[in-house]
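Q: Structure file start-v1.txt (compact mmCIF, C-alpha atoms and all ligand atoms) is given on the next line.
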# COMPACT_ATOMS: atom_id res chain seq x y z
CA MET A 57 -28.25 5.46 -30.21
CA SER A 58 -26.33 5.06 -26.98
CA LYS A 59 -26.04 8.21 -24.90
CA HIS A 60 -22.65 7.05 -23.68
CA HIS A 61 -20.04 8.30 -26.07
CA THR A 62 -16.80 6.40 -26.03
CA VAL A 63 -13.52 8.26 -26.06
CA ARG A 64 -11.14 6.96 -28.68
CA ARG A 65 -7.74 6.14 -27.29
CA HIS A 66 -4.70 7.32 -29.25
CA THR A 67 -2.78 4.64 -31.08
CA PRO A 68 0.74 4.81 -32.52
CA ARG A 69 -0.94 5.52 -35.87
CA SER A 70 -3.17 8.34 -34.63
CA LEU A 71 -0.22 9.93 -32.81
CA ALA A 72 1.64 10.07 -36.11
CA ALA A 73 -1.32 11.87 -37.68
CA LEU A 74 -1.34 14.70 -35.10
CA ASP A 75 -0.54 18.10 -36.54
CA THR A 76 0.55 19.55 -33.20
CA PRO A 77 3.58 18.43 -31.13
CA ILE A 78 2.94 15.28 -29.09
CA VAL A 79 2.30 16.07 -25.43
CA SER A 80 3.67 13.33 -23.23
CA LEU A 81 4.31 12.81 -19.51
CA THR A 82 5.18 9.86 -17.36
CA ALA A 83 2.45 8.34 -15.19
CA TYR A 84 2.75 5.54 -12.65
CA THR A 85 -0.59 5.47 -10.82
CA THR A 86 -4.33 5.59 -11.52
CA PRO A 87 -5.02 8.96 -9.83
CA MET A 88 -2.13 10.66 -11.63
CA ALA A 89 -3.16 9.09 -14.96
CA ARG A 90 -6.68 10.51 -14.44
CA LEU A 91 -5.25 14.00 -13.97
CA LEU A 92 -2.85 13.84 -16.91
CA ASP A 93 -4.95 11.96 -19.46
CA PRO A 94 -7.19 14.86 -20.59
CA HIS A 95 -4.12 16.88 -21.56
CA CYS A 96 -1.73 14.26 -22.90
CA ASP A 97 -1.46 12.33 -26.16
CA LEU A 98 0.96 9.76 -24.76
CA LEU A 99 1.44 8.54 -21.17
CA LEU A 100 4.65 6.66 -20.46
CA VAL A 101 4.85 4.22 -17.60
CA GLY A 102 8.56 4.90 -17.33
CA ASP A 103 10.99 2.73 -15.42
CA SER A 104 11.95 6.05 -13.80
CA LEU A 105 9.26 4.91 -11.33
CA GLY A 106 12.07 2.99 -9.60
CA MET A 107 13.61 6.32 -8.59
CA VAL A 108 10.50 8.50 -8.32
CA VAL A 109 8.13 6.06 -6.57
CA TYR A 110 10.45 3.54 -4.92
CA GLY A 111 13.40 5.78 -3.98
CA MET A 112 16.00 3.69 -5.84
CA ASP A 113 19.13 5.49 -7.01
CA SER A 114 18.85 4.19 -10.58
CA THR A 115 16.34 2.33 -12.74
CA LEU A 116 18.38 -0.89 -12.81
CA ALA A 117 16.47 -2.84 -10.17
CA VAL A 118 13.00 -2.26 -11.63
CA SER A 119 11.26 -5.57 -12.44
CA VAL A 120 8.82 -6.63 -15.14
CA GLU A 121 6.18 -7.26 -12.45
CA MET A 122 6.53 -3.67 -11.19
CA MET A 123 6.11 -2.35 -14.74
CA ILE A 124 3.03 -4.52 -15.27
CA ALA A 125 1.37 -3.47 -12.00
CA HIS A 126 1.94 0.23 -12.73
CA GLY A 127 1.01 -0.25 -16.41
CA GLN A 128 -2.34 -1.72 -15.37
CA ALA A 129 -2.91 1.20 -12.99
CA VAL A 130 -2.23 3.78 -15.71
CA VAL A 131 -4.39 2.06 -18.32
CA ARG A 132 -7.24 1.96 -15.75
CA GLY A 133 -6.84 5.66 -15.06
CA SER A 134 -6.74 6.85 -18.67
CA GLN A 135 -9.10 6.82 -21.63
CA LYS A 136 -7.64 9.01 -24.31
CA ALA A 137 -3.85 8.83 -24.24
CA CYS A 138 -1.85 6.05 -25.82
CA VAL A 139 -0.09 4.24 -22.96
CA ALA A 140 3.51 3.09 -23.42
CA VAL A 141 5.22 0.82 -20.90
CA ASP A 142 8.99 0.72 -20.47
CA MET A 143 10.77 -2.60 -20.71
CA PRO A 144 13.01 -2.71 -17.64
CA PHE A 145 16.74 -3.42 -17.51
CA GLY A 146 17.61 -7.07 -18.14
CA SER A 147 14.22 -7.97 -19.57
CA TYR A 148 15.09 -7.59 -23.27
CA GLN A 149 18.84 -7.26 -23.87
CA GLU A 150 19.60 -11.00 -23.87
CA SER A 151 17.88 -11.93 -27.14
CA PRO A 152 15.01 -10.88 -29.42
CA GLN A 153 13.10 -13.96 -28.18
CA GLN A 154 13.44 -12.90 -24.54
CA ALA A 155 12.33 -9.39 -25.52
CA PHE A 156 9.29 -10.75 -27.35
CA ARG A 157 8.16 -12.89 -24.39
CA VAL A 158 8.42 -9.93 -22.00
CA ALA A 159 6.87 -7.39 -24.38
CA ALA A 160 3.97 -9.74 -25.14
CA ASP A 161 3.39 -10.26 -21.41
CA ILE A 162 3.41 -6.49 -20.81
CA MET A 163 1.03 -5.81 -23.71
CA ALA A 164 -1.38 -8.65 -22.81
CA ARG A 165 -1.55 -7.95 -19.07
CA THR A 166 -1.64 -4.14 -19.12
CA GLY A 167 -3.59 -3.28 -22.27
CA ALA A 168 -0.87 -0.76 -23.18
CA GLY A 169 -0.59 0.37 -26.80
CA CYS A 170 3.17 -0.06 -27.14
CA VAL A 171 6.44 -0.66 -25.31
CA LYS A 172 9.59 1.43 -25.09
CA LEU A 173 13.10 0.09 -24.84
CA GLU A 174 16.49 1.75 -24.61
CA GLY A 175 19.19 1.32 -27.22
CA GLY A 176 20.19 2.17 -30.77
CA GLN A 177 22.17 0.09 -33.26
CA GLU A 178 22.73 -2.69 -30.71
CA MET A 179 18.96 -3.14 -30.22
CA ALA A 180 17.93 -2.82 -33.89
CA GLU A 181 17.55 -6.57 -34.40
CA THR A 182 15.36 -6.84 -31.29
CA ILE A 183 13.18 -3.89 -32.31
CA ALA A 184 12.66 -5.44 -35.75
CA PHE A 185 11.79 -8.80 -34.17
CA LEU A 186 9.09 -7.20 -31.97
CA VAL A 187 7.67 -4.97 -34.70
CA GLN A 188 7.42 -7.86 -37.18
CA ARG A 189 5.40 -9.74 -34.55
CA GLY A 190 2.88 -6.95 -34.00
CA ILE A 191 4.35 -5.05 -31.06
CA PRO A 192 4.64 -1.29 -31.62
CA VAL A 193 7.96 -0.04 -30.25
CA ILE A 194 9.30 3.34 -29.16
CA GLY A 195 13.10 3.50 -29.15
CA HIS A 196 15.15 5.53 -26.66
CA ILE A 197 18.54 7.02 -27.57
CA GLY A 198 20.96 9.66 -26.30
CA LEU A 199 21.18 9.30 -22.52
CA LYS A 200 19.97 5.79 -21.72
CA PRO A 201 19.35 5.69 -17.96
CA GLN A 202 19.68 1.88 -17.89
CA ALA A 203 23.26 2.41 -19.15
CA VAL A 204 24.02 5.06 -16.53
CA HIS A 205 27.19 3.27 -15.40
CA ALA A 206 28.47 2.90 -18.97
CA HIS A 207 27.69 6.60 -19.61
CA GLY A 208 29.59 7.57 -16.46
CA GLY A 209 26.55 9.21 -14.81
CA PHE A 210 23.42 11.10 -15.85
CA ARG A 211 24.96 13.54 -18.35
CA THR A 212 24.43 15.15 -21.74
CA VAL A 213 25.27 12.67 -24.50
CA GLY A 214 26.27 13.55 -28.06
CA ARG A 215 29.14 16.01 -27.66
CA GLY A 216 32.01 15.67 -30.16
CA HIS A 217 32.59 12.18 -31.54
CA GLU A 218 29.52 10.83 -29.68
CA ALA A 219 27.25 12.74 -32.06
CA ASP A 220 27.84 10.33 -34.96
CA GLN A 221 26.93 7.35 -32.78
CA VAL A 222 23.69 8.97 -31.56
CA MET A 223 22.69 9.80 -35.14
CA ALA A 224 23.53 6.23 -36.24
CA ASP A 225 21.42 4.93 -33.32
CA ALA A 226 18.47 7.08 -34.40
CA GLN A 227 18.69 5.83 -37.96
CA ALA A 228 19.01 2.19 -36.86
CA VAL A 229 15.94 2.48 -34.62
CA GLU A 230 13.92 3.95 -37.47
CA LYS A 231 15.13 1.32 -39.95
CA ALA A 232 14.23 -1.45 -37.47
CA GLY A 233 10.60 -0.26 -37.52
CA ALA A 234 10.11 1.71 -34.29
CA PHE A 235 7.25 4.19 -34.74
CA ALA A 236 8.86 6.83 -32.51
CA VAL A 237 12.07 7.49 -30.64
CA VAL A 238 12.72 9.27 -27.36
CA ILE A 239 15.85 11.44 -27.51
CA GLU A 240 17.11 12.11 -23.99
CA SER A 241 19.64 14.65 -22.74
CA THR A 242 21.37 15.31 -26.05
CA MET A 243 22.87 18.44 -27.61
CA GLU A 244 20.14 20.59 -29.19
CA PRO A 245 21.67 20.82 -32.71
CA LEU A 246 22.05 17.03 -32.78
CA SER A 247 18.44 16.43 -31.66
CA ARG A 248 17.29 18.87 -34.30
CA ALA A 249 19.38 17.14 -36.99
CA ILE A 250 17.96 13.74 -35.94
CA THR A 251 14.42 15.11 -36.12
CA GLU A 252 15.12 16.44 -39.62
CA ALA A 253 16.73 13.18 -40.73
CA LEU A 254 14.05 10.78 -39.46
CA SER A 255 10.55 10.27 -40.74
CA ILE A 256 9.35 8.67 -37.46
CA MET A 257 8.33 10.87 -34.51
CA THR A 258 11.04 12.16 -32.20
CA ILE A 259 10.02 12.82 -28.61
CA GLY A 260 12.48 15.02 -26.77
CA ILE A 261 13.49 15.24 -23.13
CA GLY A 262 16.41 17.60 -22.80
CA ALA A 263 16.65 17.55 -26.59
CA SER A 264 15.17 20.27 -28.86
CA PRO A 265 11.97 22.32 -29.15
CA LEU A 266 11.86 21.12 -32.75
CA CYS A 267 11.31 17.47 -31.79
CA ASP A 268 7.92 16.13 -32.84
CA GLY A 269 6.87 15.94 -29.19
CA GLN A 270 8.12 16.50 -25.66
CA ILE A 271 8.10 14.30 -22.57
CA LEU A 272 8.94 15.01 -18.93
CA VAL A 273 8.66 13.03 -15.73
CA ALA A 274 5.39 14.38 -14.29
CA GLU A 275 6.75 14.59 -10.73
CA ASP A 276 9.68 16.70 -11.99
CA MET A 277 7.52 19.29 -13.75
CA LEU A 278 5.04 19.38 -10.86
CA GLY A 279 7.75 19.98 -8.25
CA LEU A 280 7.05 16.68 -6.49
CA PHE A 281 10.51 15.10 -6.81
CA PRO A 282 13.04 17.11 -4.84
CA ASP A 283 15.95 14.60 -4.99
CA PHE A 284 17.41 15.80 -8.28
CA THR A 285 16.23 18.20 -10.98
CA PRO A 286 17.97 17.91 -14.36
CA ARG A 287 18.68 21.16 -16.22
CA PHE A 288 16.12 20.28 -18.89
CA VAL A 289 13.19 20.23 -16.46
CA ARG A 290 10.91 23.24 -16.24
CA LYS A 291 8.87 23.27 -13.03
CA PHE A 292 5.33 24.20 -14.01
CA ALA A 293 4.21 23.97 -10.37
CA ASN A 294 5.66 23.55 -6.90
CA LEU A 295 3.24 21.00 -5.50
CA GLY A 296 5.80 19.68 -3.01
CA GLN A 297 5.51 23.00 -1.13
CA GLU A 298 1.71 22.81 -1.27
CA VAL A 299 1.75 19.25 0.14
CA ASP A 300 4.08 20.42 2.92
CA ARG A 301 1.72 23.27 3.83
CA ALA A 302 -1.37 21.05 3.77
CA VAL A 303 0.20 18.33 5.92
CA ALA A 304 1.48 20.92 8.42
CA ASP A 305 -2.09 22.32 8.65
CA TYR A 306 -3.45 18.79 9.16
CA ALA A 307 -0.90 18.03 11.88
CA HIS A 308 -1.79 21.29 13.67
CA ALA A 309 -5.52 20.54 13.40
CA VAL A 310 -5.06 17.04 14.87
CA ARG A 311 -2.83 18.23 17.70
CA THR A 312 -5.21 21.05 18.67
CA ARG A 313 -8.27 18.74 18.33
CA SER A 314 -9.87 21.03 15.73
CA PHE A 315 -9.99 18.04 13.35
CA PRO A 316 -12.31 16.23 13.04
CA GLY A 317 -14.99 18.88 13.60
CA PRO A 318 -18.79 18.59 13.75
CA ALA A 319 -19.09 18.47 9.95
CA GLU A 320 -16.70 15.53 9.81
CA CYS A 321 -18.35 13.53 12.65
CA VAL A 322 -21.79 11.97 12.91
CA GLY A 323 -24.03 13.19 15.75
CA MET A 324 -21.48 15.53 17.31
CA ALA A 325 -22.97 18.52 19.09
CA LYS A 326 -22.05 21.79 17.39
CA PRO A 327 -20.07 24.09 19.72
CA GLU A 328 -22.26 26.88 21.26
O1 LIG B 1 11.65 6.15 -17.60
C1 LIG B 1 11.29 7.27 -18.01
O2 LIG B 1 10.57 8.01 -17.34
C2 LIG B 1 11.71 7.68 -19.34
C3 LIG B 1 11.46 9.09 -19.74
C4 LIG B 1 12.34 9.99 -18.97
C5 LIG B 1 11.56 9.30 -21.19
O3 LIG B 1 12.27 6.91 -20.06
What does the file become when written as structure tokens?
Ligand code: KIV
A:
Amino acid sequence: MSKHHTVRRHTPRSLAALDTPIVSLTAYTTPMARLLDPHCDLLLVGDSLGMVVYGMDSTLAVSVEMMIAHGQAVVRGSQKACVAVDMPFGSYQESPQQAFRVAADIMARTGAGCVKLEGGQEMAETIAFLVQRGIPVIGHIGLKPQAVHAHGGFRTVGRGHEADQVMADAQAVEKAGAFAVVIESTMEPLSRAITEALSIMTIGIGASPLCDGQILVAEDMLGLFPDFTPRFVRKFANLGQEVDRAVADYAHAVRTRSFPGPAECVGMAKPE
């Protein structure tokens, strides 16, 4: 018997069998994936990387090649979590055939377990086309960051008459065959009603504690993304402050020539 035991990676099917809420965070790089993987069921290579990693002011300019490079990095850095890769803006809205070509490329070149795409009723045909051809899909409804201009900004979606549309979107995504749906920045009672109405998993971000799982952008909950913090983010750490302190200490050590010291140099005489 081999002494190396292999860790089984979560699949869309094993996620559905979990009897605790799905723990999910975004990841964009190998070192971050290594840190998050032991604790997470699902890692999302979100197109939010355009804003968080590349400093863009929306996700609209993120390319398929960027998603593939970061998807590969996250798959390399994880063993246990199911990895989902976002389909970026413009890579799937044109036709189901375009979506299939891009999704297949993402799946083949990254080794991810599924893709996520934004949209409800209007994307149902595309979701069905991908699912029927063997690509597991996570839908994304409520606030759709790729539609930020149509929404009129990053805001809560689903107040008043919008609620019926968000519910219809959720039902269309389920009917099309998605195995899960992200509900973003939506009124809590609506997110709860969607979770009760659907049999597929709901993964909330600014949604409801009753969703079947929760997701946050890792840099937001770690306090590493100071540009903008949505109301729905809880900061579980303030690592930005810790980085600031460490870099200030490093700068001081370099300027006062206390770094590198004898332990960090080869053959340097220890001070008397
Ligand atoms: O791109 C992203 O990070 C996402 C999550 C916020 C759900 O879609």
Q: As a quick test: using only C-alpha atoms and all ligand atoms, which residues lie no more than 6 Å away from ligand LIG 1 (chain B)? Give them as a PyMOL selection string.
A: chain A and resi 82+102-104+273
Q: As an NGL selection string, please: the residues near A:Met107 (cut-off 10 Å, only C-alpha atoms, same-chain neighbours under 3 positions excluded).
A: :A and (103-104 or 110-118 or 281 or 283)
Q: Using the file's own x, y and z axes, so that the box edges lie along x, y and z, what centre and edge lengths in Å (one decimal) does a box around every listed atom of stretch 148-151 of chain A get when 4 Å is added on each side? Give it as JSON.
A:
{"center_x": 17.3, "center_y": -9.6, "center_z": -25.2, "size_x": 12.5, "size_y": 12.7, "size_z": 11.9}
Q: Return the single residue from A:Ala232, A:Lys200, A:Gln227, A:Arg290 that is closest to A:Glu181, with distances computed using only C-alpha atoms.
A: A:Ala232
Q: Need to verify the contact set: A:Glu252, 12 Å, only C-alpha atoms, exclusion of same-chain residues closer than 4 positions in sequence. Can you return it as an MDAnalysis selection string?
A: chainID A and resid 223 226:227 245:248 256:258 264 266:268
Q: Please provide as a CSV table (one decimal) with C-alpha atoms, in the frame of the given file all residues within 10 Å of A:Asp225, with the sequence filter that same-chain residues fewer than 2 positions apart are discarded (counting only C-alpha atoms).
A:
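Final file, selection-v8.csv:
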chain,number,residue,atom,x,y,z
A,175,GLY,CA,19.2,1.3,-27.2
A,176,GLY,CA,20.2,2.2,-30.8
A,177,GLN,CA,22.2,0.1,-33.3
A,178,GLU,CA,22.7,-2.7,-30.7
A,179,MET,CA,19.0,-3.1,-30.2
A,180,ALA,CA,17.9,-2.8,-33.9
A,195,GLY,CA,13.1,3.5,-29.2
A,196,HIS,CA,15.2,5.5,-26.7
A,197,ILE,CA,18.5,7.0,-27.6
A,198,GLY,CA,21.0,9.7,-26.3
A,219,ALA,CA,27.2,12.7,-32.1
A,220,ASP,CA,27.8,10.3,-35.0
A,221,GLN,CA,26.9,7.4,-32.8
A,222,VAL,CA,23.7,9.0,-31.6
A,223,MET,CA,22.7,9.8,-35.1
A,227,GLN,CA,18.7,5.8,-38.0
A,228,ALA,CA,19.0,2.2,-36.9
A,229,VAL,CA,15.9,2.5,-34.6
A,230,GLU,CA,13.9,4.0,-37.5
A,231,LYS,CA,15.1,1.3,-40.0
A,250,ILE,CA,18.0,13.7,-35.9
Q: When you draw a straight line from atom CA of A:Ala125 to atom CA of A:Thr285, how long is it in Å?
A: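 Atom CA of A:Thr285 lies 26.3 Å from atom CA of A:Ala125.
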Q: Go through A:His66, A:Pro152, A:Val158, A:Leu186 and flag the residue nearest A:Ala140, using all atoms listed in the file for the distances.
A: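 Closest residue, counting all atoms listed in the file: A:His66.
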Q: Quick one: of A:Ala137, A:Ala206, A:Leu173, A:Ile271, who's nearest to A:Ala234, counting all atoms listed in the file?
A: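 Looking only at the distances to A:Ala234, the closest residue turns out to be A:Leu173.
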Q: May I have the residues within 12 Å of A:Glu275 as a list in words, using all atoms listed in the file and disregarding those fewer than 5 positions away in the same chain?
A: Leu81, Thr82, Ala83, Tyr84, Thr85, Met88, Leu92, Gly102, Ser104, Leu105, Met107, Val108, Val109, Leu280, Phe281, Pro282, Asp283, Phe284, Thr285, Val289, Arg290, Lys291, Phe292, Ala293, Asn294, Leu295 and Gly296 of chain A
Q: Let's have the selection written as a PDB file, in the coordinates of the input, with C-alpha atoms.
A:
ATOM      1  CA  LEU A  81       4.310  12.810 -19.510  1.00  0.00           C
ATOM      2  CA  THR A  82       5.180   9.860 -17.360  1.00  0.00           C
ATOM      3  CA  ALA A  83       2.450   8.340 -15.190  1.00  0.00           C
ATOM      4  CA  TYR A  84       2.750   5.540 -12.650  1.00  0.00           C
ATOM      5  CA  THR A  85      -0.590   5.470 -10.820  1.00  0.00           C
ATOM      6  CA  MET A  88      -2.130  10.660 -11.630  1.00  0.00           C
ATOM      7  CA  LEU A  92      -2.850  13.840 -16.910  1.00  0.00           C
ATOM      8  CA  GLY A 102       8.560   4.900 -17.330  1.00  0.00           C
ATOM      9  CA  SER A 104      11.950   6.050 -13.800  1.00  0.00           C
ATOM     10  CA  LEU A 105       9.260   4.910 -11.330  1.00  0.00           C
ATOM     11  CA  MET A 107      13.610   6.320  -8.590  1.00  0.00           C
ATOM     12  CA  VAL A 108      10.500   8.500  -8.320  1.00  0.00           C
ATOM     13  CA  VAL A 109       8.130   6.060  -6.570  1.00  0.00           C
ATOM     14  CA  LEU A 280       7.050  16.680  -6.490  1.00  0.00           C
ATOM     15  CA  PHE A 281      10.510  15.100  -6.810  1.00  0.00           C
ATOM     16  CA  PRO A 282      13.040  17.110  -4.840  1.00  0.00           C
ATOM     17  CA  ASP A 283      15.950  14.600  -4.990  1.00  0.00           C
ATOM     18  CA  PHE A 284      17.410  15.800  -8.280  1.00  0.00           C
ATOM     19  CA  THR A 285      16.230  18.200 -10.980  1.00  0.00           C
ATOM     20  CA  VAL A 289      13.190  20.230 -16.460  1.00  0.00           C
ATOM     21  CA  ARG A 290      10.910  23.240 -16.240  1.00  0.00           C
ATOM     22  CA  LYS A 291       8.870  23.270 -13.030  1.00  0.00           C
ATOM     23  CA  PHE A 292       5.330  24.200 -14.010  1.00  0.00           C
ATOM     24  CA  ALA A 293       4.210  23.970 -10.370  1.00  0.00           C
ATOM     25  CA  ASN A 294       5.660  23.550  -6.900  1.00  0.00           C
ATOM     26  CA  LEU A 295       3.240  21.000  -5.500  1.00  0.00           C
ATOM     27  CA  GLY A 296       5.800  19.680  -3.010  1.00  0.00           C
TER      28      GLY A 296
END
Q: Of the candidates A:Ile124, A:Ile259, A:Val63, A:Val101, which shows the shortest atom-to-atom distance to A:Lys136, using only C-alpha atoms?
A: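 Comparing A:Ile124, A:Ile259, A:Val63, A:Val101 against A:Lys136, the winner is A:Val63.
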Q: Find the residues with any atom within 8 Å of (18.4, 9.3, -23.4); use only C-alpha atoms and the coordinates as given in the file, and write the answer as a list of chain:residue names.
A: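 Protein, DNA and RNA residues close to (18.4, 9.3, -23.4): A:Glu174, A:His196, A:Ile197, A:Gly198, A:Leu199, A:Lys200, A:Pro201, A:Val213, A:Val238, A:Ile239, A:Glu240, A:Ser241, A:Thr242, A:Ile261.
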Q: Please measure the separation of atom CA of A:Asp97 and atom CA of A:Gln154, giving the value in Å to one decimal.
A: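 Separating atom CA of A:Asp97 from atom CA of A:Gln154 is a distance of 29.3 Å.
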Q: Record the distance separating atom CA of A:His205 and atom CA of A:Ala184, expressed in Å with one decimal.
A: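 Separation of atom CA of A:His205 and atom CA of A:Ala184: 26.5 Å.
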Q: Pick the closest to A:Ser255 from A:Val193, A:Gly127, A:Ala72, A:Gln297: which is it, counting all atoms listed in the file?
A: A:Ala72
Q: Check the smallest atom-to-atom distance from each of A:Ala155, A:Ala129, A:Ala304, A:Val187 to A:Ala168 using all atoms listed in the file, then report the winner.
A: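 Of the candidates, the smallest distance to A:Ala168 is held by A:Ala129.
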Q: Quick one: everything within 10 Å of A:Arg157, counting only C-alpha atoms, minus sequence neighbours fewer than 4 positions away in the same chain. Send it as an NGL selection string.
A: :A and (147-148 or 152-153 or 161-162 or 186)
Q: Can you rebuild stretch 229-237 of chain A with all heavy atoms and give it as a CSV table (one decimal), in the frame of the given file?
A:
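Listing of out-v1.csv after writing:
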chain,number,residue,atom,x,y,z
A,229,VAL,N,17.2,2.7,-35.3
A,229,VAL,CA,15.9,2.5,-34.6
A,229,VAL,C,14.8,2.7,-35.6
A,229,VAL,O,13.8,1.9,-35.7
A,229,VAL,CB,15.8,3.4,-33.4
A,229,VAL,CG1,14.4,3.5,-32.9
A,229,VAL,CG2,16.7,3.0,-32.3
A,230,GLU,N,14.9,3.7,-36.4
A,230,GLU,CA,13.9,4.0,-37.5
A,230,GLU,C,13.9,2.8,-38.5
A,230,GLU,O,12.8,2.3,-38.8
A,230,GLU,CB,14.2,5.3,-38.2
A,230,GLU,CG,13.3,5.4,-39.5
A,230,GLU,CD,13.4,6.8,-40.1
A,230,GLU,OE1,14.2,7.1,-40.9
A,230,GLU,OE2,12.5,7.6,-39.7
A,231,LYS,N,15.1,2.4,-38.9
A,231,LYS,CA,15.1,1.3,-40.0
A,231,LYS,C,14.6,0.0,-39.4
A,231,LYS,O,13.9,-0.8,-40.1
A,231,LYS,CB,16.6,1.1,-40.4
A,231,LYS,CG,16.8,0.3,-41.6
A,231,LYS,CD,18.1,0.6,-42.3
A,231,LYS,CE,18.3,-0.4,-43.4
A,231,LYS,NZ,19.5,-1.2,-43.2
A,232,ALA,N,14.7,-0.2,-38.1
A,232,ALA,CA,14.2,-1.4,-37.5
A,232,ALA,C,12.7,-1.5,-37.4
A,232,ALA,O,12.1,-2.5,-37.1
A,232,ALA,CB,14.9,-1.6,-36.1
A,233,GLY,N,12.1,-0.3,-37.5
A,233,GLY,CA,10.6,-0.3,-37.5
A,233,GLY,C,9.9,0.4,-36.3
A,233,GLY,O,8.7,0.3,-36.2
A,234,ALA,N,10.7,1.0,-35.4
A,234,ALA,CA,10.1,1.7,-34.3
A,234,ALA,C,9.2,2.8,-34.9
A,234,ALA,O,9.6,3.4,-35.9
A,234,ALA,CB,11.2,2.3,-33.4
A,235,PHE,N,8.1,3.1,-34.2
A,235,PHE,CA,7.2,4.2,-34.7
A,235,PHE,C,7.6,5.6,-34.2
A,235,PHE,O,7.1,6.6,-34.7
A,235,PHE,CB,5.8,3.9,-34.5
A,235,PHE,CG,5.3,4.0,-33.1
A,235,PHE,CD1,4.7,5.2,-32.7
A,235,PHE,CD2,5.3,3.0,-32.2
A,235,PHE,CE1,4.3,5.4,-31.4
A,235,PHE,CE2,4.9,3.1,-30.9
A,235,PHE,CZ,4.4,4.3,-30.5
A,236,ALA,N,8.4,5.6,-33.1
A,236,ALA,CA,8.9,6.8,-32.5
A,236,ALA,C,10.1,6.6,-31.7
A,236,ALA,O,10.5,5.4,-31.5
A,236,ALA,CB,7.8,7.4,-31.6
A,237,VAL,N,10.8,7.7,-31.4
A,237,VAL,CA,12.1,7.5,-30.6
A,237,VAL,C,12.2,8.6,-29.6
A,237,VAL,O,11.9,9.8,-30.0
A,237,VAL,CB,13.3,7.4,-31.5
A,237,VAL,CG1,13.6,8.7,-32.4
A,237,VAL,CG2,14.6,7.1,-30.7
